$ cat data_9.csv   # CSV, C-alpha atoms
chain,number,residue,atom,x,y,z
O,1,MET,CA,4.2,-16.5,-33.7
O,2,GLU,CA,5.7,-13.3,-35.0
O,3,GLY,CA,7.9,-14.5,-37.9
O,4,GLU,CA,10.9,-16.5,-36.6
O,5,ASN,CA,11.2,-14.4,-33.4
O,6,SER,CA,9.5,-15.7,-30.4
O,7,MET,CA,11.2,-13.5,-27.7
O,8,LEU,CA,7.9,-12.9,-25.8
O,9,ASN,CA,7.0,-16.6,-25.7
O,10,ASN,CA,6.9,-18.1,-22.2
O,11,LYS,CA,7.8,-14.7,-20.7
O,12,SER,CA,6.2,-12.8,-17.9
O,13,ILE,CA,5.5,-9.2,-18.9
O,14,LEU,CA,4.4,-6.3,-16.7
O,15,ILE,CA,3.0,-3.0,-18.0
O,16,THR,CA,2.7,0.0,-15.7
O,17,GLY,CA,-0.2,2.2,-16.6
O,18,GLY,CA,-1.4,-0.9,-18.5
O,19,THR,CA,-5.1,0.1,-18.7
O,20,GLY,CA,-4.3,3.0,-21.1
O,21,SER,CA,-4.5,2.9,-24.9
O,22,PHE,CA,-0.9,1.7,-25.3
O,23,GLY,CA,-1.4,-1.1,-22.7
O,24,LYS,CA,-4.5,-2.4,-24.3
O,25,ALA,CA,-2.9,-2.4,-27.8
O,26,PHE,CA,0.3,-4.1,-26.6
O,27,VAL,CA,-1.6,-6.8,-24.7
O,28,ARG,CA,-3.8,-7.6,-27.7
O,29,HIS,CA,-0.8,-7.7,-30.0
O,30,ALA,CA,1.3,-9.9,-27.6
O,31,LEU,CA,-1.6,-12.3,-27.1
O,32,GLU,CA,-2.4,-12.6,-30.8
O,33,HIS,CA,1.2,-13.0,-32.0
O,34,TYR,CA,3.1,-14.6,-29.2
O,35,GLU,CA,2.6,-17.1,-26.3
O,36,PRO,CA,3.6,-15.1,-23.2
O,37,ARG,CA,3.4,-17.0,-19.9
O,38,LYS,CA,1.4,-14.1,-18.4
O,39,ILE,CA,0.9,-10.3,-18.7
O,40,ILE,CA,0.5,-8.2,-15.6
O,41,ILE,CA,-1.5,-5.0,-15.8
O,42,TYR,CA,-0.2,-2.7,-13.0
O,43,SER,CA,-2.3,0.5,-12.5
O,44,ARG,CA,-4.2,2.6,-10.0
O,45,ASP,CA,-7.8,2.6,-11.3
O,46,GLU,CA,-9.8,-0.5,-10.3
O,47,TYR,CA,-12.7,0.5,-12.6
O,48,LYS,CA,-10.4,0.7,-15.7
O,49,GLN,CA,-9.0,-2.7,-14.7
O,50,PHE,CA,-12.6,-4.1,-14.5
O,51,ILE,CA,-13.4,-2.7,-18.0
O,52,MET,CA,-10.2,-4.1,-19.4
O,53,GLN,CA,-10.8,-7.5,-17.8
O,54,ASN,CA,-14.2,-7.7,-19.6
O,55,GLU,CA,-12.6,-6.6,-22.9
O,56,PHE,CA,-10.0,-9.4,-22.7
O,57,ARG,CA,-12.2,-12.0,-21.1
O,58,GLU,CA,-11.1,-14.7,-23.7
O,59,TYR,CA,-7.5,-14.3,-22.6
O,60,ALA,CA,-8.3,-14.4,-18.8
O,61,PRO,CA,-5.9,-17.2,-17.9
O,62,LYS,CA,-2.9,-15.2,-19.2
O,63,LEU,CA,-3.8,-11.9,-17.6
O,64,ARG,CA,-3.2,-10.6,-14.0
O,65,PHE,CA,-4.5,-7.3,-12.7
O,66,PHE,CA,-2.5,-5.7,-10.0
O,67,ILE,CA,-3.7,-2.5,-8.3
O,68,GLY,CA,-0.8,-0.2,-7.4
O,69,ASP,CA,0.9,3.1,-7.9
O,70,VAL,CA,4.4,3.6,-9.3
O,71,ARG,CA,4.9,6.0,-6.4
O,72,ASP,CA,4.8,2.9,-4.1
O,73,ARG,CA,8.2,1.1,-4.4
O,74,GLU,CA,7.3,-1.8,-2.1
O,75,ARG,CA,4.1,-2.5,-4.1
O,76,LEU,CA,6.2,-2.5,-7.4
O,77,LEU,CA,8.7,-4.9,-5.9
O,78,ARG,CA,5.9,-7.3,-5.0
O,79,ALA,CA,4.4,-7.0,-8.5
O,80,PHE,CA,7.8,-7.5,-10.2
O,81,GLU,CA,8.5,-10.9,-8.6
O,82,GLY,CA,9.2,-13.4,-11.4
O,83,VAL,CA,8.7,-10.8,-14.2
O,84,ASP,CA,11.0,-10.9,-17.2
O,85,TYR,CA,10.1,-7.7,-19.0
O,86,VAL,CA,8.7,-4.4,-17.8
O,87,ILE,CA,7.2,-1.7,-20.0
O,88,HIS,CA,6.8,1.5,-18.1
O,89,ALA,CA,3.9,3.5,-19.6
O,90,ALA,CA,2.5,5.0,-16.4
O,91,ALA,CA,2.7,8.9,-16.2
O,92,LEU,CA,0.8,12.0,-15.6
O,93,LYS,CA,0.6,13.3,-19.2
O,94,GLN,CA,-1.9,16.2,-19.4
O,95,VAL,CA,0.2,19.4,-19.9
O,96,PRO,CA,-2.1,21.8,-18.0
O,97,ALA,CA,-2.7,19.4,-15.1
O,98,CYS,CA,1.1,19.0,-14.7
O,99,GLU,CA,1.6,22.8,-14.8
O,100,TYR,CA,-1.1,23.3,-12.1
O,101,ASN,CA,0.0,20.3,-10.0
O,102,PRO,CA,3.8,20.2,-10.4
O,103,ALA,CA,4.6,18.3,-7.2
O,104,GLU,CA,2.2,15.5,-8.3
O,105,ALA,CA,3.8,15.3,-11.7
O,106,ILE,CA,7.2,15.0,-10.1
O,107,LYS,CA,6.0,12.3,-7.7
O,108,THR,CA,4.6,10.1,-10.5
O,109,ASN,CA,6.9,10.9,-13.5
O,110,ILE,CA,10.2,11.2,-11.7
O,111,ASN,CA,10.0,9.5,-8.4
O,112,GLY,CA,7.8,6.8,-9.9
O,113,ALA,CA,10.5,6.2,-12.6
O,114,GLN,CA,13.2,5.8,-10.0
O,115,ASN,CA,10.9,3.3,-8.1
O,116,VAL,CA,10.4,1.3,-11.3
O,117,ILE,CA,14.2,1.2,-11.8
O,118,ASP,CA,15.0,0.2,-8.2
O,119,ALA,CA,12.3,-2.5,-8.2
O,120,ALA,CA,13.5,-3.9,-11.5
O,121,LEU,CA,17.0,-4.1,-10.3
O,122,ASP,CA,16.1,-5.8,-7.0
O,123,ALA,CA,13.6,-8.2,-8.6
O,124,HIS,CA,16.1,-9.3,-11.4
O,125,VAL,CA,14.0,-8.2,-14.3
O,126,LYS,CA,15.7,-8.9,-17.6
O,127,LYS,CA,14.6,-5.9,-19.7
O,128,VAL,CA,12.8,-2.6,-19.0
O,129,VAL,CA,11.5,-0.3,-21.8
O,130,ALA,CA,10.2,3.1,-20.8
O,131,LEU,CA,7.9,5.2,-23.0
O,132,SER,CA,9.1,8.7,-23.6
O,133,THR,CA,7.6,11.6,-25.5
O,134,ASP,CA,8.7,14.4,-27.9
O,135,LYS,CA,7.9,16.8,-25.1
O,136,ALA,CA,11.0,15.5,-23.3
O,137,VAL,CA,13.1,17.0,-26.0
O,138,ASN,CA,14.0,20.7,-25.4
O,139,PRO,CA,11.1,20.8,-22.9
O,140,VAL,CA,8.9,23.9,-22.6
O,141,ASN,CA,6.5,22.6,-20.1
O,142,LEU,CA,6.7,20.8,-16.8
O,143,TYR,CA,5.4,17.5,-18.2
O,144,GLY,CA,8.2,17.5,-20.7
O,145,GLY,CA,10.7,18.4,-18.0
O,146,THR,CA,9.7,15.5,-15.8
O,147,LYS,CA,9.9,13.1,-18.8
O,148,LEU,CA,13.4,14.4,-19.6
O,149,VAL,CA,14.5,13.6,-16.1
O,150,SER,CA,12.7,10.2,-16.3
O,151,ASP,CA,14.6,9.4,-19.6
O,152,LYS,CA,17.9,10.3,-18.0
O,153,LEU,CA,17.1,8.1,-15.0
O,154,PHE,CA,16.4,5.1,-17.2
O,155,ILE,CA,19.5,5.6,-19.3
O,156,ALA,CA,21.7,6.0,-16.2
O,157,ALA,CA,20.1,2.9,-14.6
O,158,ASN,CA,22.3,0.8,-16.7
O,159,ALA,CA,25.2,2.0,-14.7
O,160,TYR,CA,23.7,0.4,-11.5
O,161,ALA,CA,23.1,-3.0,-13.1
O,162,GLY,CA,26.5,-4.2,-12.3
O,163,THR,CA,26.8,-7.9,-13.2
O,164,LYS,CA,23.0,-8.3,-13.3
O,165,ASP,CA,21.5,-9.5,-16.6
O,166,ILE,CA,19.2,-6.4,-17.1
O,167,CYS,CA,19.1,-3.5,-19.5
O,168,PHE,CA,17.1,-0.3,-19.6
O,169,SER,CA,16.1,1.5,-22.8
O,170,ILE,CA,13.6,4.1,-24.1
O,171,VAL,CA,11.1,4.4,-26.9
O,172,ARG,CA,10.1,7.9,-27.9
O,173,TYR,CA,7.2,9.1,-30.0
O,174,GLY,CA,4.7,12.0,-30.0
O,175,ASN,CA,0.9,12.0,-29.7
O,176,VAL,CA,-0.7,8.8,-31.1
O,177,ALA,CA,-3.3,9.6,-33.7
O,178,GLY,CA,-6.7,9.8,-31.9
O,179,SER,CA,-5.2,9.8,-28.4
O,180,ARG,CA,-7.1,11.6,-25.7
O,181,GLY,CA,-6.4,15.3,-25.5
O,182,SER,CA,-4.8,15.5,-29.0
O,183,VAL,CA,-5.9,17.4,-32.0
O,184,ILE,CA,-8.0,14.7,-33.8
O,185,PRO,CA,-10.6,14.1,-31.1
O,186,PHE,CA,-10.6,17.9,-30.5
O,187,PHE,CA,-11.6,18.6,-34.1
O,188,HIS,CA,-13.9,15.6,-34.1
O,189,ASN,CA,-15.9,17.0,-31.2
O,190,ILE,CA,-16.4,20.3,-32.9
O,191,ILE,CA,-17.6,18.6,-36.1
O,192,GLN,CA,-20.0,16.3,-34.1
O,193,ASN,CA,-21.5,19.4,-32.5
O,194,GLY,CA,-22.2,21.0,-35.8
O,195,GLY,CA,-19.2,23.3,-35.9
O,196,LYS,CA,-18.2,24.8,-39.3
O,197,GLU,CA,-14.8,26.1,-38.5
O,198,LEU,CA,-11.7,24.4,-36.9
O,199,PRO,CA,-9.4,26.7,-34.9
O,200,ILE,CA,-5.7,26.4,-35.6
O,201,THR,CA,-3.3,27.6,-33.0
O,202,ASP,CA,-0.6,28.5,-35.6
O,203,TYR,CA,-0.8,27.9,-39.4
O,204,ARG,CA,2.8,26.7,-39.4
O,205,MET,CA,2.1,23.9,-36.9
O,206,THR,CA,3.1,20.3,-37.8
O,207,ARG,CA,2.9,17.0,-36.1
O,208,PHE,CA,4.1,13.4,-36.6
O,209,TRP,CA,1.6,10.7,-37.5
O,210,ILE,CA,2.0,7.5,-35.5
O,211,SER,CA,-0.6,4.8,-34.9
O,212,LEU,CA,-0.9,2.7,-31.7
O,213,GLN,CA,0.2,-0.3,-33.7
O,214,GLN,CA,3.4,1.4,-34.7
O,215,GLY,CA,4.1,2.4,-31.1
O,216,VAL,CA,3.6,-1.2,-30.0
O,217,GLU,CA,6.0,-2.5,-32.7
O,218,LEU,CA,8.7,0.0,-31.7
O,219,VAL,CA,8.5,-1.2,-28.1
O,220,ILE,CA,8.8,-4.8,-29.3
O,221,LYS,CA,11.9,-3.8,-31.4
O,222,ALA,CA,13.4,-2.3,-28.2
O,223,LEU,CA,12.7,-5.4,-26.2
O,224,GLU,CA,14.3,-7.5,-29.0
O,225,GLU,CA,17.4,-5.4,-29.7
O,226,ALA,CA,18.3,-3.1,-26.8
O,227,LYS,CA,21.6,-3.6,-25.1
O,228,GLY,CA,21.2,-0.8,-22.6
O,229,GLY,CA,20.7,3.0,-22.7
O,230,GLU,CA,19.4,3.4,-26.3
O,231,THR,CA,16.5,5.7,-27.3
O,232,PHE,CA,14.5,4.2,-30.2
O,233,ILE,CA,12.6,6.6,-32.5
O,234,SER,CA,10.4,5.5,-35.4
O,235,LYS,CA,10.7,7.1,-38.9
O,236,ILE,CA,7.2,8.3,-39.5
O,237,PRO,CA,5.5,10.9,-41.7
O,238,SER,CA,4.6,14.4,-40.8
O,239,PHE,CA,1.4,16.4,-41.5
O,240,LYS,CA,0.4,20.0,-41.3
O,241,VAL,CA,-2.4,20.7,-38.8
O,242,THR,CA,-4.1,22.8,-41.5
O,243,ASP,CA,-4.2,19.8,-43.8
O,244,LEU,CA,-5.6,17.7,-41.0
O,245,ALA,CA,-8.4,20.2,-40.6
O,246,GLN,CA,-9.2,20.1,-44.3
O,247,ALA,CA,-9.2,16.3,-44.3
O,248,MET,CA,-11.7,16.2,-41.4
O,249,LEU,CA,-13.9,19.0,-42.6
O,250,PRO,CA,-13.2,19.9,-46.3
O,251,GLY,CA,-13.6,23.5,-47.1
O,252,CYS,CA,-13.9,24.6,-43.4
O,253,SER,CA,-12.7,28.0,-42.3
O,254,MET,CA,-9.6,27.8,-40.0
O,255,PRO,CA,-9.2,30.8,-37.7
O,256,GLU,CA,-5.7,31.2,-36.3
O,257,VAL,CA,-6.2,31.5,-32.5
O,258,GLY,CA,-2.6,31.7,-31.2
O,259,ILE,CA,-0.3,29.1,-29.7
O,260,ARG,CA,-1.1,27.8,-26.3
O,261,GLU,CA,1.1,27.8,-23.2
O,262,GLY,CA,3.5,24.8,-23.3
O,263,GLU,CA,2.8,24.1,-26.9
O,264,LYS,CA,5.4,23.8,-29.7
O,265,LEU,CA,5.2,24.5,-33.4
O,266,HIS,CA,6.8,21.1,-34.2
O,267,GLU,CA,7.4,17.8,-32.5
O,268,ILE,CA,11.1,17.3,-32.0
O,269,MET,CA,12.5,13.8,-31.7
O,270,VAL,CA,16.3,14.2,-32.2
O,271,THR,CA,18.1,17.5,-31.5
O,272,VAL,CA,21.3,18.8,-33.2
O,273,GLU,CA,23.1,18.1,-29.9
O,274,ASP,CA,21.9,14.5,-29.9
O,275,SER,CA,23.0,13.9,-33.4
O,276,THR,CA,26.6,13.1,-32.4
O,277,ASN,CA,25.2,9.9,-30.9
O,278,THR,CA,22.4,9.2,-33.3
O,279,TYR,CA,22.4,6.4,-35.9
O,280,GLU,CA,20.0,5.7,-38.7
O,281,TYR,CA,18.4,2.4,-39.5
O,282,ASP,CA,15.9,1.3,-42.2
O,283,LYS,CA,12.8,2.2,-40.2
O,284,HIS,CA,14.1,4.0,-37.1
O,285,PHE,CA,16.8,6.0,-35.4
O,286,ILE,CA,18.6,5.2,-32.3
O,287,VAL,CA,20.2,7.7,-30.0
O,288,TYR,CA,22.9,5.9,-28.1
O,289,PRO,CA,24.1,6.7,-24.6
O,290,GLN,CA,26.9,9.2,-24.3
O,291,MET,CA,28.5,7.5,-21.4
O,292,VAL,CA,30.1,4.0,-21.2
O,293,TRP,CA,29.7,2.6,-17.8
O,294,SER,CA,31.8,-0.5,-18.2
O,295,GLU,CA,33.4,-2.4,-21.1
O,296,HIS,CA,30.9,-5.3,-20.9
O,297,ARG,CA,28.0,-2.9,-21.3
O,298,ARG,CA,29.5,-1.0,-24.2
O,299,VAL,CA,26.9,-0.6,-27.0
O,300,VAL,CA,28.3,-0.8,-30.5
O,301,PRO,CA,26.1,0.9,-33.2
O,302,THR,CA,25.5,-1.0,-36.4
O,303,GLY,CA,23.6,1.6,-38.3
O,304,LYS,CA,24.7,4.6,-40.3
O,305,LYS,CA,25.8,7.7,-38.3
O,306,VAL,CA,23.7,10.7,-39.1
O,307,ALA,CA,25.3,13.8,-40.5
O,308,GLU,CA,26.8,16.5,-38.2
O,309,GLY,CA,24.0,19.0,-37.4
O,310,PHE,CA,21.2,16.5,-38.1
O,311,SER,CA,17.9,17.0,-36.3
O,312,TYR,CA,14.6,15.1,-36.6
O,313,SER,CA,11.4,17.0,-36.2
O,314,SER,CA,7.9,17.1,-37.7
O,315,GLY,CA,8.9,20.4,-39.3
O,316,ASN,CA,12.0,19.2,-41.2
O,317,ASN,CA,10.9,15.7,-42.1
O,318,THR,CA,11.4,14.3,-45.6
O,319,GLU,CA,8.1,12.3,-45.6
O,320,TRP,CA,4.8,14.2,-45.6
O,321,LEU,CA,1.1,13.2,-45.7
O,322,SER,CA,-1.2,15.0,-48.1
O,323,VAL,CA,-4.8,15.9,-47.3
O,324,GLU,CA,-5.9,12.7,-49.2
O,325,ASP,CA,-3.4,10.6,-47.2
O,326,ILE,CA,-4.7,11.9,-43.9
O,327,TYR,CA,-8.3,11.3,-45.0
O,328,ARG,CA,-7.5,7.6,-45.7
O,329,LEU,CA,-5.6,7.2,-42.4
O,330,LEU,CA,-8.4,8.8,-40.4
O,331,LYS,CA,-10.7,5.9,-41.3
O,332,LYS,CA,-8.5,3.6,-39.3
O,333,VAL,CA,-8.2,5.9,-36.2
O,334,GLU,CA,-10.0,4.9,-33.0
O,335,LEU,CA,-10.7,7.8,-30.8
O,336,GLU,CA,-10.2,7.4,-27.1
$ encode --input "data_9.csv" --output "structure tokens"
Amino acid sequence: MEGENSMLNNKSILITGGTGSFGKAFVRHALEHYEPRKIIIYSRDEYKQFIMQNEFREYAPKLRFFIGDVRDRERLLRAFEGVDYVIHAAALKQVPACEYNPAEAIKTNINGAQNVIDAALDAHVKKVVALSTDKAVNPVNLYGGTKLVSDKLFIAANAYAGTKDICFSIVRYGNVAGSRGSVIPFFHNIIQNGGKELPITDYRMTRFWISLQQGVELVIKALEEAKGGETFISKIPSFKVTDLAQAMLPGCSMPEVGIREGEKLHEIMVTVEDSTNTYEYDKHFIVYPQMVWSEHRRVVPTGKKVAEGFSYSSGNNTEWLSVEDIYRLLKKVELE
């Protein structure tokens, strides 16, 4: 059991997009630290489900694999029967793919989000936690735009709960260290192929460092504490991309190649505009909903309100990783 809290024990949990890196990490953590009744993996790819079934063979009695798409509301409703908690991780996430296929991104990231909400309400699910991204904050690409809409849908879903015992909340973080398509595997591939220089899009660029385990723990915190409409954001360190390059290939040359379309200099988690509803806790921030839908759903913050004009980005962080810190952390990173 995880400390004194056993809130996942004897619960049925469903993860959309559950064959991804987050889904695998969450399933392993839940099975090693709790006693869930069952965990349902809901995703489109039968081959990825087959691979995951083999990886988790020892836990087979607790796992169910459900082929389906979040675009299919009826299939979701069938999958949600008897489910206590839903974690919504399914999304089209590759920025260039979303730019080139905008209608497909909308169908999955926006329409799919609404389908998850509707199915959860109709199936009497108790808690829904949706995974967000820094790209949903002041979005500059279509992926970020669809995730902003998705976030708003999940927050507003609390208004439609009525007297049902259900709450919807959000967890937001940036690229997980080592995740597919991010900078660490990009640099790793260059080094593995004998490259001696690592290209930097902009020397000023910074990013947050979050591990998969930290992402899982933040979702569990949201499941434990959410009352409805909150956005949970971890306090995590920042790093300079130039320092990452030096940690991965010491002494390498770093040509500046120019920022890519849809890319930001810094990952932003809390904007100045959000600061009026943001409260600080020991290891995280919570952005509370601006609207109160009914008195019995009013969320009362218990943390410390942030200062007026506060913002939280990888560029203005107070905690930074050195080259040596990054080098040590890289030893624990598993590349997708």
$ atom_distance --input "data_9.csv" --atom1 "atom CA of Phe65 of chain O" --atom2 "atom CA of Ile41 of chain O"
4.9 Å
$ atom_distance --input "data_9.csv" --atom1 "atom CA of Thr108 of chain O" --atom2 "atom CA of Phe56 of chain O"
27.2 Å
$ closest_atom_pairs --input "data_9.csv" --of "segment 191-260 of chain O" --to "segment 26-36 of chain O" --cutoff "12 Å" --atoms "only C-alpha atoms" --output "JSON lines"
{"residue": "O:Leu212", "atom": "CA", "partner": "O:Phe26", "partner_atom": "CA", "distance": 8.6}
{"residue": "O:Gln213", "atom": "CA", "partner": "O:Phe26", "partner_atom": "CA", "distance": 8.1}
{"residue": "O:Gln214", "atom": "CA", "partner": "O:Phe26", "partner_atom": "CA", "distance": 10.3}
{"residue": "O:Gly215", "atom": "CA", "partner": "O:Phe26", "partner_atom": "CA", "distance": 8.8}
{"residue": "O:Val216", "atom": "CA", "partner": "O:Phe26", "partner_atom": "CA", "distance": 5.6}
{"residue": "O:Glu217", "atom": "CA", "partner": "O:Phe26", "partner_atom": "CA", "distance": 8.5}
{"residue": "O:Leu218", "atom": "CA", "partner": "O:Phe26", "partner_atom": "CA", "distance": 10.6}
{"residue": "O:Val219", "atom": "CA", "partner": "O:Phe26", "partner_atom": "CA", "distance": 8.8}
{"residue": "O:Ile220", "atom": "CA", "partner": "O:Phe26", "partner_atom": "CA", "distance": 8.9}
$ write_last_selection --input "data_9.csv" --atoms "C-alpha atoms" --output "short mmCIF file (atom, residue, chain, number, x, y, z; two decimals), in the coordinates of the input"
data_model
loop_
_atom_site.label_atom_id
_atom_site.label_comp_id
_atom_site.auth_asym_id
_atom_site.auth_seq_id
_atom_site.Cartn_x
_atom_site.Cartn_y
_atom_site.Cartn_z
CA LEU O 212 -0.90 2.70 -31.70
CA GLN O 213 0.20 -0.30 -33.70
CA GLN O 214 3.40 1.40 -34.70
CA GLY O 215 4.10 2.40 -31.10
CA VAL O 216 3.60 -1.20 -30.00
CA GLU O 217 6.00 -2.50 -32.70
CA LEU O 218 8.70 0.00 -31.70
CA VAL O 219 8.50 -1.20 -28.10
CA ILE O 220 8.80 -4.80 -29.30
#
$ closest_residue --input "data_9.csv" --among "O:Arg73, O:Glu224, O:Val149, O:Val299" --to "Tyr85 of chain O" --atoms "all atoms listed in the file"
O:Glu224
$ closest_residue --input "data_9.csv" --among "O:Ile87, O:Leu244, O:Leu121, O:Ile51" --to "Val183 of chain O" --atoms "only C-alpha atoms"
O:Leu244
$ closest_residue --input "data_9.csv" --among "O:Pro96, O:Gly229, O:Pro237, O:Gly178" --to "Gly315 of chain O" --atoms "only C-alpha atoms"
O:Pro237
$ residues_around --input "data_9.csv" --residues "Tyr327 of chain O" --least-positions-apart "3" --cutoff "9 Å" --atoms "all atoms listed in the file" --output "PyMOL selection string"
chain O and resi 244+246-248+322-324+330-331
$ residues_near_point --input "data_9.csv" --point "(12.2, 9.0, -39.0)" --cutoff "8 Å" --atoms "only C-alpha atoms" --output "PyMOL selection string"
chain O and resi 233-237+283-285+312+317
$ atom_distance --input "data_9.csv" --atom1 "atom CA of Asp84 of chain O" --atom2 "atom CA of Thr16 of chain O"
13.8 Å
$ residues_near_point --input "data_9.csv" --point "(0.0, 13.7, -41.2)" --cutoff "6 Å" --atoms "all atoms listed in the file" --output "PyMOL selection string"
chain O and resi 209+238-239+321+326
$ write_last_selection --input "data_9.csv" --atoms "C-alpha atoms" --output "CSV table (one decimal), in the frame of the given file"
chain,number,residue,atom,x,y,z
O,209,TRP,CA,1.6,10.7,-37.5
O,238,SER,CA,4.6,14.4,-40.8
O,239,PHE,CA,1.4,16.4,-41.5
O,321,LEU,CA,1.1,13.2,-45.7
O,326,ILE,CA,-4.7,11.9,-43.9
$ closest_residue --input "data_9.csv" --among "O:His266, O:Lys48, O:Arg172, O:Arg207" --to "Phe232 of chain O" --atoms "only C-alpha atoms"
O:Arg172
$ closest_residue --input "data_9.csv" --among "O:Lys305, O:Arg298, O:Lys11, O:Arg44" --to "Leu223 of chain O" --atoms "only C-alpha atoms"
O:Lys11
$ residues_around --input "data_9.csv" --residues "Lys264 of chain O" --least-positions-apart "2" --cutoff "12 Å" --atoms "all atoms listed in the file" --output "NGL selection string"
:O and (95 or 134-141 or 144 or 174 or 201-202 or 204-207 or 258-262 or 266-268 or 313-315)
$ residues_around --input "data_9.csv" --residues "Val287 of chain O" --least-positions-apart "2" --cutoff "6 Å" --atoms "all atoms listed in the file" --output "JSON, numbers by chain"
{"O": [230, 231, 277, 278]}
$ closest_residue --input "data_9.csv" --among "O:Glu58, O:Glu263, O:Glu197, O:Glu81" --to "Leu14 of chain O" --atoms "only C-alpha atoms"
O:Glu81
$ build_atoms --input "data_9.csv" --residues "segment 195-201 of chain O" --atoms "all heavy atoms" --output "PDB file, in the frame of the given file"
ATOM      1  N   GLY O 195     -20.101  22.214 -35.647  1.00  0.00           N
ATOM      2  CA  GLY O 195     -19.200  23.300 -35.900  1.00  0.00           C
ATOM      3  C   GLY O 195     -18.804  23.373 -37.405  1.00  0.00           C
ATOM      4  O   GLY O 195     -18.654  22.328 -38.057  1.00  0.00           O
ATOM      5  N   LYS O 196     -18.612  24.567 -37.924  1.00  0.00           N
ATOM      6  CA  LYS O 196     -18.200  24.800 -39.300  1.00  0.00           C
ATOM      7  C   LYS O 196     -16.832  25.298 -39.499  1.00  0.00           C
ATOM      8  O   LYS O 196     -16.376  25.494 -40.623  1.00  0.00           O
ATOM      9  CB  LYS O 196     -19.237  25.711 -40.019  1.00  0.00           C
ATOM     10  CG  LYS O 196     -20.686  25.243 -39.974  1.00  0.00           C
ATOM     11  CD  LYS O 196     -20.858  23.894 -40.659  1.00  0.00           C
ATOM     12  CE  LYS O 196     -22.319  23.440 -40.653  1.00  0.00           C
ATOM     13  NZ  LYS O 196     -22.459  22.064 -41.187  1.00  0.00           N
ATOM     14  N   GLU O 197     -16.160  25.592 -38.383  1.00  0.00           N
ATOM     15  CA  GLU O 197     -14.800  26.100 -38.500  1.00  0.00           C
ATOM     16  C   GLU O 197     -13.934  25.316 -37.439  1.00  0.00           C
ATOM     17  O   GLU O 197     -14.411  24.949 -36.363  1.00  0.00           O
ATOM     18  CB  GLU O 197     -14.693  27.569 -38.250  1.00  0.00           C
ATOM     19  CG  GLU O 197     -15.167  28.054 -36.900  1.00  0.00           C
ATOM     20  CD  GLU O 197     -15.041  29.568 -36.754  1.00  0.00           C
ATOM     21  OE1 GLU O 197     -15.224  30.273 -37.770  1.00  0.00           O
ATOM     22  OE2 GLU O 197     -14.738  30.024 -35.631  1.00  0.00           O
ATOM     23  N   LEU O 198     -12.673  25.090 -37.798  1.00  0.00           N
ATOM     24  CA  LEU O 198     -11.700  24.400 -36.900  1.00  0.00           C
ATOM     25  C   LEU O 198     -10.597  25.323 -36.571  1.00  0.00           C
ATOM     26  O   LEU O 198      -9.848  25.744 -37.455  1.00  0.00           O
ATOM     27  CB  LEU O 198     -11.212  23.118 -37.612  1.00  0.00           C
ATOM     28  CG  LEU O 198     -12.274  22.072 -37.986  1.00  0.00           C
ATOM     29  CD1 LEU O 198     -11.628  20.882 -38.698  1.00  0.00           C
ATOM     30  CD2 LEU O 198     -13.033  21.587 -36.751  1.00  0.00           C
ATOM     31  N   PRO O 199     -10.455  25.691 -35.301  1.00  0.00           N
ATOM     32  CA  PRO O 199      -9.400  26.700 -34.900  1.00  0.00           C
ATOM     33  C   PRO O 199      -8.025  26.056 -34.993  1.00  0.00           C
ATOM     34  O   PRO O 199      -7.797  24.911 -34.596  1.00  0.00           O
ATOM     35  CB  PRO O 199      -9.799  26.991 -33.467  1.00  0.00           C
ATOM     36  CG  PRO O 199     -10.544  25.790 -32.971  1.00  0.00           C
ATOM     37  CD  PRO O 199     -11.268  25.244 -34.152  1.00  0.00           C
ATOM     38  N   ILE O 200      -7.094  26.832 -35.505  1.00  0.00           N
ATOM     39  CA  ILE O 200      -5.700  26.400 -35.600  1.00  0.00           C
ATOM     40  C   ILE O 200      -4.867  27.357 -34.744  1.00  0.00           C
ATOM     41  O   ILE O 200      -4.971  28.581 -34.854  1.00  0.00           O
ATOM     42  CB  ILE O 200      -5.199  26.538 -37.087  1.00  0.00           C
ATOM     43  CG1 ILE O 200      -6.153  25.813 -38.056  1.00  0.00           C
ATOM     44  CG2 ILE O 200      -3.772  26.020 -37.207  1.00  0.00           C
ATOM     45  CD1 ILE O 200      -6.180  24.317 -37.902  1.00  0.00           C
ATOM     46  N   THR O 201      -4.054  26.778 -33.870  1.00  0.00           N
ATOM     47  CA  THR O 201      -3.300  27.600 -33.000  1.00  0.00           C
ATOM     48  C   THR O 201      -2.225  28.435 -33.770  1.00  0.00           C
ATOM     49  O   THR O 201      -1.958  29.594 -33.470  1.00  0.00           O
ATOM     50  CB  THR O 201      -2.574  26.836 -31.878  1.00  0.00           C
ATOM     51  OG1 THR O 201      -1.809  25.785 -32.478  1.00  0.00           O
ATOM     52  CG2 THR O 201      -3.595  26.224 -30.928  1.00  0.00           C
TER      53      THR O 201
END
